[in-house]
Structure formats: structure tokens, C-alpha cells
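Engineer: Pasting a structure below so you can have a look.
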Amino acid sequence: MKKIKLFFKSLFFIFLYFFLSLSLYMILYKHIYNESNIMLANLSTIFADLLVLFIFIVIFRKKIIPDYNDFKKNYKIYIKDNYKYWLIGLLLMIVSNILITIFISDIPTNEEINRQILLTNPLSSIISLVIVAPIIEELITRKTFRDVFNNQYIYILVSGLIFGSLHLLAAKSLSEIFYIIPYSILGCAFAKIYYNTDNLWSNIFFHSLHNFITIIYIFCITILWSV
């Protein structure tokens, strides 16, 4: 019964994240957001992201603060012992993406949206993708479900699948369901790292690094296409 309660509690945090994000964006879009003023648009988006982040940091402060202090002391060990899992996840993600795009020409809607926002509002996108998203996503898909599942493999699989599913919520077609594979592979890699370290900041580090490299890749591709 306790595990069931923890499971639904984990789902609640996922719901809370999307509810807060959507509510704030709707409020800001109605009262503050101004497409003719790029700076104001960026600031309002950054404010919404940072406010949601602050709320989740307060909720999980008893885990986040001790883990941060531990990561400062042991980050070299955590990175050295676990970077291979991220690299394996990245490689498998790239391979599965290539195989899927052979049959499905369109990129995932989530990725398409992120690219558009990144190119139009780079500052807010970088803050969101490199700082806000890694922290919140690791909290709601890694930490919460770790309390539910004791078995390593079940935990890694469930955490990875939920992580993958969240990135398909904006999907426009049923065919995009296949992209749950690469997203979930990366999620499983992050779950393995968290299972090994029991430190959220080790996951946040690799997640932020992954997103930062993705941003650099998108900018490079955009520049090459424009030449």
C-alpha cells in the first residue's frame, strides 16, 4: 500500500509540473507576453521557468541540498564512474533515431518545438533546457520513482519509459510513438546513473551537459544550412 501511495505521489508531481507550467504561461501570455517586444517575451518566459523551478526546489529541498553538498565533494568520482552510461545512452539514442527516421521523415514534435523556440528566443531556451528542465525532470522522473521501486531493472525501465513518454506529450501524429524508444533509452541511462550514485546532481550534470551539446548541435546545423 505504501508503494502504491508513493507511485501516485510521483504521478502527482508530474501533473503538478505541467499544471504550473501551463498556468503560468497562460497568465503571462495574456497579461505580459508581447511578441513585438522580444526582450519582454524572453523575460516573461524565463520568469515562468524559474518560478516553477523555485517551487520544486522548495518541495524537494531536503534531498536537493544534501545531494548538492555531496556532489561538490565527490563530483569527480561520480562523473568518472558514470559517464560511460550517458555515452552508451547517447549512442543508442542516436542509432535508434536514425533507424526511426528512415521510416518516419518527420522529427518529433517536441524536438521541433524546442528548435523553433531556441532559434527565436535563445536566452530563455538555454535557461530552460540547460538549467530548469534537467533539475525538474530529474526530480519527477528519477527521484520520485526511486522511492517506489527497489529492483534496479524495474526502476530503470519505468523511469526511462516515463521520461520518454513525457517528451511525446506534444506529438501530432500516432507515428511519433516510435520516438519513445530513443527518449526512453536516454532516460534509462540517467536512471542507471541515479541508481548508482543516489545523487540527483550527478544526473542533473549529465542531463544539462546532454542538452547543452544538443543546443550547440542545433546552432551548428542551422548555420551550415544557412551558408
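Residues are named by chain letter and number: chains run A, B, ... in the order of the C-alpha cells, numbers start at 1 in each chain, and ligands are numbered from 1 in the order shown.
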Can you tell me which residues surround A:Leu209 at a distance of at most 12 Å, considering only C-alpha atoms, apart from same-chain residues fewer than 3 positions away, and format the answer as a list in words?
Structural biologist: Ile79, Tyr83, Trp86, Leu87, Leu90, Ile126, Leu129, Val130, Ile131, Ala133, Pro134, Phe190, Trp201, Ser202, Asn203, Ile204, Phe205, Phe206, Phe212, Ile213, Thr214, Ile215 and Ile216 of chain A
Engineer: Would you please give, as an NGL selection string, all residues of stretch 8-221 of chain A that DSSP assigns to alpha helix (DSSP H) based on the backbone?
Structural biologist: :A and (8-31 or 38-59 or 61-103 or 109-120 or 122-127 or 133-138 or 144-146 or 152-166 or 180-197 or 200-221)
Engineer: Find the residues near A:Thr109: any atom within 10 Å, counting only C-alpha atoms, skip ones fewer than 6 places away on the same chain, and give them as a PyMOL selection string.
Structural biologist: chain A and resi 115+167-173+176
Engineer: Which is closer to A:Lys62 than all the others in A:Val132, A:Leu200, A:Ile14, A:Ala191, using only C-alpha atoms?
Structural biologist: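 So, comparing all the options, the nearest one is A:Leu200.
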Engineer: Taking only C-alpha atoms into account, name the residue in A:Val52, A:Ile102, A:Leu139, A:Leu22 that is nearest to A:Asn199.
Structural biologist: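 The shortest atom-to-atom distance to A:Asn199 comes from A:Leu139.
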Engineer: When you count only C-alpha atoms, which of these residues is closest to A:Ile55: A:Met1, A:Ile94, A:Ile135, A:Met26?
Structural biologist: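 Of A:Met1, A:Ile94, A:Ile135, A:Met26, the one nearest A:Ile55, counting only C-alpha atoms, is A:Ile135.
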Engineer: Fewer than 4 positions away in the same chain doesn't count, so skip those; otherwise give me all residues within 8 Å of A:Asn114, counting only C-alpha atoms, as a VMD selection string.
Structural biologist: chain A and resid 110 118 125
Engineer: Store the residues of this selection in a file with all heavy atoms, as a PDB file, in the first residue's frame.
Structural biologist:
```pdb
ATOM      1  N   ASN A 110       8.112  17.469 -30.160  1.00  0.00           N
ATOM      2  CA  ASN A 110       8.817  18.062 -29.024  1.00  0.00           C
ATOM      3  C   ASN A 110      10.137  18.686 -29.464  1.00  0.00           C
ATOM      4  O   ASN A 110      10.481  19.809 -29.074  1.00  0.00           O
ATOM      5  CB  ASN A 110       9.070  16.988 -27.958  1.00  0.00           C
ATOM      6  CG  ASN A 110       9.886  17.503 -26.796  1.00  0.00           C
ATOM      7  OD1 ASN A 110       9.387  18.232 -25.943  1.00  0.00           O
ATOM      8  ND2 ASN A 110      11.162  17.132 -26.747  1.00  0.00           N
ATOM      9  N   LEU A 118      14.274  27.761 -29.566  1.00  0.00           N
ATOM     10  CA  LEU A 118      15.701  28.026 -29.388  1.00  0.00           C
ATOM     11  C   LEU A 118      16.206  29.075 -30.368  1.00  0.00           C
ATOM     12  O   LEU A 118      16.992  29.957 -30.007  1.00  0.00           O
ATOM     13  CB  LEU A 118      16.491  26.722 -29.553  1.00  0.00           C
ATOM     14  CG  LEU A 118      18.014  26.811 -29.413  1.00  0.00           C
ATOM     15  CD1 LEU A 118      18.390  27.313 -28.032  1.00  0.00           C
ATOM     16  CD2 LEU A 118      18.654  25.465 -29.692  1.00  0.00           C
ATOM     17  N   SER A 125      15.447  29.814 -23.935  1.00  0.00           N
ATOM     18  CA  SER A 125      15.560  28.392 -24.248  1.00  0.00           C
ATOM     19  C   SER A 125      16.762  27.763 -23.566  1.00  0.00           C
ATOM     20  O   SER A 125      16.693  26.644 -23.042  1.00  0.00           O
ATOM     21  CB  SER A 125      15.668  28.192 -25.759  1.00  0.00           C
ATOM     22  OG  SER A 125      14.484  28.579 -26.391  1.00  0.00           O
TER      23      SER A 125
END
```
Engineer: Quick one: everything within 7 Å of stretch 143-156 of chain A, counting only C-alpha atoms, minus sequence neighbours fewer than 6 positions away in the same chain. Send it as an NGL selection string.
Structural biologist: :A and (3 or 6-7 or 10 or 188 or 191-192)
Engineer: Contacts of A:Ala189 at 8 Å or less, counting only C-alpha atoms, minus same-chain residues fewer than 3 places along, as a list in words?
Structural biologist: Tyr85, Trp86, Ile88, Gly89, Ile156, Gly160, Ile185, Leu186, Lys192 and Ile193 of chain A
Engineer: Using N, CA, C and O atoms, can you write the selected residues to a file as a compact mmCIF listing (two decimals), in the first residue's frame?
Structural biologist:
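Result went into out35.txt, see below:
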```txt
# COMPACT_ATOMS: atom_id res chain seq x y z
N TYR A 85 27.77 5.45 -18.98
CA TYR A 85 26.35 5.13 -19.14
C TYR A 85 25.66 6.21 -19.99
O TYR A 85 24.80 5.90 -20.81
N TRP A 86 26.05 7.46 -19.76
CA TRP A 86 25.49 8.53 -20.59
C TRP A 86 25.94 8.38 -22.03
O TRP A 86 25.14 8.54 -22.96
N ILE A 88 26.84 5.63 -23.62
CA ILE A 88 26.14 4.48 -24.21
C ILE A 88 24.70 4.87 -24.54
O ILE A 88 24.18 4.55 -25.62
N GLY A 89 24.04 5.57 -23.61
CA GLY A 89 22.67 6.02 -23.87
C GLY A 89 22.59 6.97 -25.04
O GLY A 89 21.68 6.88 -25.87
N ILE A 156 14.81 1.30 -13.46
CA ILE A 156 15.43 1.91 -14.64
C ILE A 156 14.45 1.91 -15.81
O ILE A 156 14.32 2.91 -16.53
N GLY A 160 12.78 5.28 -17.22
CA GLY A 160 13.11 5.59 -18.61
C GLY A 160 11.87 5.76 -19.48
O GLY A 160 11.79 6.69 -20.29
N ILE A 185 15.57 5.42 -23.93
CA ILE A 185 16.93 4.92 -23.79
C ILE A 185 17.77 5.91 -22.99
O ILE A 185 18.50 5.53 -22.07
N LEU A 186 17.66 7.18 -23.34
CA LEU A 186 18.39 8.20 -22.60
C LEU A 186 17.91 8.26 -21.15
O LEU A 186 18.71 8.39 -20.22
N LYS A 192 20.03 4.77 -14.52
CA LYS A 192 21.16 3.94 -14.09
C LYS A 192 22.16 4.77 -13.29
O LYS A 192 22.68 4.32 -12.26
N ILE A 193 22.44 5.97 -13.76
CA ILE A 193 23.38 6.85 -13.06
C ILE A 193 22.84 7.20 -11.68
O ILE A 193 23.59 7.18 -10.69
```
Engineer: Which one of A:Ile180, A:Asp70, A:Ser175, A:Asn97 sits closest to A:Ile162 if you count only C-alpha atoms?
Structural biologist: A:Ile180
Engineer: Rounded to one decimal in Å, what is the spacing between atom CA of A:Ile100 and atom CA of A:Leu161?
Structural biologist: 17.2 Å
Engineer: May I ask for the distance between atom CA of A:Asp81 and atom CA of A:Asp198, given in Å to one decimal place?
Structural biologist: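 Spanning atom CA of A:Asp81 to atom CA of A:Asp198 is a straight-line distance of 13.1 Å.
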Engineer: Work out how far apart atom CA of A:Leu53 and atom CA of A:Phe71 are and give it in Å to one decimal.
Structural biologist: 19.5 Å
Engineer: With distances taken over only C-alpha atoms, which of A:Ile218, A:Leu16, A:Ile140, A:Leu51 is nearest to A:Glu111?
Structural biologist: A:Ile218
